[in-house]
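One structure below.
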Amino acid sequence: MPQLDFLDRQDARIDDEVKAQVLGLLTVLYPRNDLIERRRDTRYPFPCLVHLTPVADDGFTPLDETVVVVGRHLSEHGLGFYHQTPLPHRRMIVSLEVGKGRWFGFLIDLNWCRFTKDGWYESGGRFLQAVNSPMEKQRSG
């Protein structure tokens, strides 16, 4: 039995070390003053794949191939995301899958982009209006 007691204490110590490391990471990622939201809209984490389809000047006609990016955050008025290559278009249709082949579409104006130190880009923009997702046609036809 003494061996079992030692293993329990060792597991508890390892658990405490893991918790301390995670808390340290969270403190670095979310410093107390960063938790104060300066933006008008509440942003929600959105770690989902997002489809972006460039559109013509009319804002509806697909212009080029759809690209897949990684969502970062979502608000009632816009979206932020990560991508690996520059995006040559400013107006795009954002397609978000909501399950069972159903998609929500939004026309977005991409109004910011920055290059990250890890070689990715982070971009975002403001939703202009709800539109039909081109992904609905691709999946059903």
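Starting from 1 in every chain, residues are counted up; chains themselves are A, B, ... following the order of the structure tokens, and ligands are numbered from 1 as listed.
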
Spatial neighbours of stretch 124-137 of chain A, 7 Å, only C-alpha atoms, chain gap at least 3 places, as a PDB file with N, CA and C atoms, in the first residue's frame:
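Dumped everything to around16.pdb:
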ATOM      1  N   HIS A  77     -21.692  41.982 -36.017  1.00  0.00           N
ATOM      2  CA  HIS A  77     -21.428  42.831 -37.178  1.00  0.00           C
ATOM      3  C   HIS A  77     -20.241  42.418 -38.025  1.00  0.00           C
ATOM      4  N   GLY A  78     -19.510  41.366 -37.621  1.00  0.00           N
ATOM      5  CA  GLY A  78     -18.351  41.005 -38.424  1.00  0.00           C
ATOM      6  C   GLY A  78     -17.666  39.736 -37.995  1.00  0.00           C
ATOM      7  N   LEU A  79     -16.517  39.502 -38.632  1.00  0.00           N
ATOM      8  CA  LEU A  79     -15.787  38.254 -38.474  1.00  0.00           C
ATOM      9  C   LEU A  79     -14.301  38.530 -38.573  1.00  0.00           C
ATOM     10  N   GLY A  80     -13.502  37.841 -37.755  1.00  0.00           N
ATOM     11  CA  GLY A  80     -12.049  37.841 -37.874  1.00  0.00           C
ATOM     12  C   GLY A  80     -11.595  36.423 -38.149  1.00  0.00           C
ATOM     13  N   PHE A  81     -10.515  36.269 -38.917  1.00  0.00           N
ATOM     14  CA  PHE A  81     -10.075  34.926 -39.283  1.00  0.00           C
ATOM     15  C   PHE A  81      -8.599  34.920 -39.648  1.00  0.00           C
ATOM     16  N   SER A  95     -19.349  32.080 -45.959  1.00  0.00           N
ATOM     17  CA  SER A  95     -20.284  30.965 -45.792  1.00  0.00           C
ATOM     18  C   SER A  95     -19.928  30.215 -44.529  1.00  0.00           C
ATOM     19  N   ARG A 102     -26.534  22.814 -44.133  1.00  0.00           N
ATOM     20  CA  ARG A 102     -27.149  24.150 -44.156  1.00  0.00           C
ATOM     21  C   ARG A 102     -26.082  25.207 -43.964  1.00  0.00           C
ATOM     22  N   TRP A 103     -26.200  26.297 -44.713  1.00  0.00           N
ATOM     23  CA  TRP A 103     -25.199  27.361 -44.691  1.00  0.00           C
ATOM     24  C   TRP A 103     -25.849  28.712 -44.482  1.00  0.00           C
ATOM     25  N   PHE A 104     -25.170  29.561 -43.738  1.00  0.00           N
ATOM     26  CA  PHE A 104     -25.530  30.978 -43.650  1.00  0.00           C
ATOM     27  C   PHE A 104     -24.525  31.739 -44.499  1.00  0.00           C
ATOM     28  N   GLY A 105     -24.997  32.731 -45.231  1.00  0.00           N
ATOM     29  CA  GLY A 105     -24.116  33.537 -46.062  1.00  0.00           C
ATOM     30  C   GLY A 105     -24.215  35.007 -45.701  1.00  0.00           C
ATOM     31  N   PHE A 106     -23.076  35.685 -45.747  1.00  0.00           N
ATOM     32  CA  PHE A 106     -23.015  37.116 -45.468  1.00  0.00           C
ATOM     33  C   PHE A 106     -22.056  37.772 -46.448  1.00  0.00           C
ATOM     34  N   LEU A 107     -22.467  38.890 -46.998  1.00  0.00           N
ATOM     35  CA  LEU A 107     -21.546  39.706 -47.784  1.00  0.00           C
ATOM     36  C   LEU A 107     -20.691  40.461 -46.778  1.00  0.00           C
ATOM     37  N   ILE A 108     -19.378  40.382 -46.946  1.00  0.00           N
ATOM     38  CA  ILE A 108     -18.465  41.027 -46.004  1.00  0.00           C
ATOM     39  C   ILE A 108     -17.544  41.987 -46.740  1.00  0.00           C
ATOM     40  N   ASP A 109     -17.222  43.073 -46.091  1.00  0.00           N
ATOM     41  CA  ASP A 109     -16.226  44.020 -46.575  1.00  0.00           C
ATOM     42  C   ASP A 109     -14.980  43.806 -45.727  1.00  0.00           C
ATOM     43  N   LEU A 110     -13.950  43.211 -46.314  1.00  0.00           N
ATOM     44  CA  LEU A 110     -12.709  42.963 -45.587  1.00  0.00           C
ATOM     45  C   LEU A 110     -11.951  44.269 -45.494  1.00  0.00           C
ATOM     46  N   ASN A 111     -11.861  44.830 -44.298  1.00  0.00           N
ATOM     47  CA  ASN A 111     -11.269  46.161 -44.178  1.00  0.00           C
ATOM     48  C   ASN A 111      -9.993  46.210 -43.348  1.00  0.00           C
ATOM     49  N   TRP A 112      -9.462  45.051 -42.967  1.00  0.00           N
ATOM     50  CA  TRP A 112      -8.162  45.051 -42.314  1.00  0.00           C
ATOM     51  C   TRP A 112      -7.463  43.715 -42.503  1.00  0.00           C
ATOM     52  N   CYS A 113      -6.141  43.767 -42.450  1.00  0.00           N
ATOM     53  CA  CYS A 113      -5.309  42.579 -42.586  1.00  0.00           C
ATOM     54  C   CYS A 113      -3.962  42.870 -41.939  1.00  0.00           C
ATOM     55  N   SER A 140     -25.624  20.912 -52.988  1.00  0.00           N
ATOM     56  CA  SER A 140     -26.860  20.280 -53.446  1.00  0.00           C
ATOM     57  C   SER A 140     -26.812  19.927 -54.934  1.00  0.00           C
ATOM     58  N   GLY A 141     -25.914  20.564 -55.672  1.00  0.00           N
ATOM     59  CA  GLY A 141     -25.916  20.336 -57.108  1.00  0.00           C
ATOM     60  C   GLY A 141     -24.767  19.666 -57.585  1.00  0.00           C
TER      61      GLY A 141
END

Strand (DSSP E) call set, DSSP backbone run, stretch 43-91 of chain A, as a ChimeraX atom specification: /A:44-45,49-54,67-74,78-83,91

Just C-alpha atoms for this one: save the residues we selected as a short mmCIF file (atom, residue, chain, number, x, y, z; two decimals), in the first residue's frame.
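And here is the file that came out, part09.cif:
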data_model
loop_
_atom_site.label_atom_id
_atom_site.label_comp_id
_atom_site.auth_asym_id
_atom_site.auth_seq_id
_atom_site.Cartn_x
_atom_site.Cartn_y
_atom_site.Cartn_z
CA TYR A 44 -17.18 35.36 -29.52
CA PRO A 45 -14.46 32.78 -30.18
CA LEU A 49 -13.59 26.61 -40.89
CA VAL A 50 -15.05 29.45 -42.95
CA HIS A 51 -15.56 29.55 -46.72
CA LEU A 52 -14.89 32.84 -48.54
CA THR A 53 -16.08 33.38 -52.10
CA PRO A 54 -14.99 36.52 -53.97
CA VAL A 67 -11.04 29.62 -50.22
CA VAL A 68 -11.21 28.07 -46.77
CA VAL A 69 -9.89 30.04 -43.80
CA VAL A 70 -9.86 29.48 -40.03
CA GLY A 71 -12.26 31.55 -37.96
CA ARG A 72 -10.96 33.52 -35.00
CA HIS A 73 -13.89 35.50 -33.62
CA LEU A 74 -17.43 36.42 -34.60
CA GLY A 78 -18.35 41.01 -38.42
CA LEU A 79 -15.79 38.25 -38.47
CA GLY A 80 -12.05 37.84 -37.87
CA PHE A 81 -10.08 34.93 -39.28
CA TYR A 82 -6.64 33.50 -40.14
CA HIS A 83 -5.38 32.57 -43.61
CA ARG A 91 -15.78 41.96 -51.00
#

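What separates atom CA of A:Ala56 from atom CA of A:Met92 is a distance of 8.7 Å.
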
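Picture a line from atom CA of A:Ile93 to atom CA of A:Lys117; it runs 27.4 Å.
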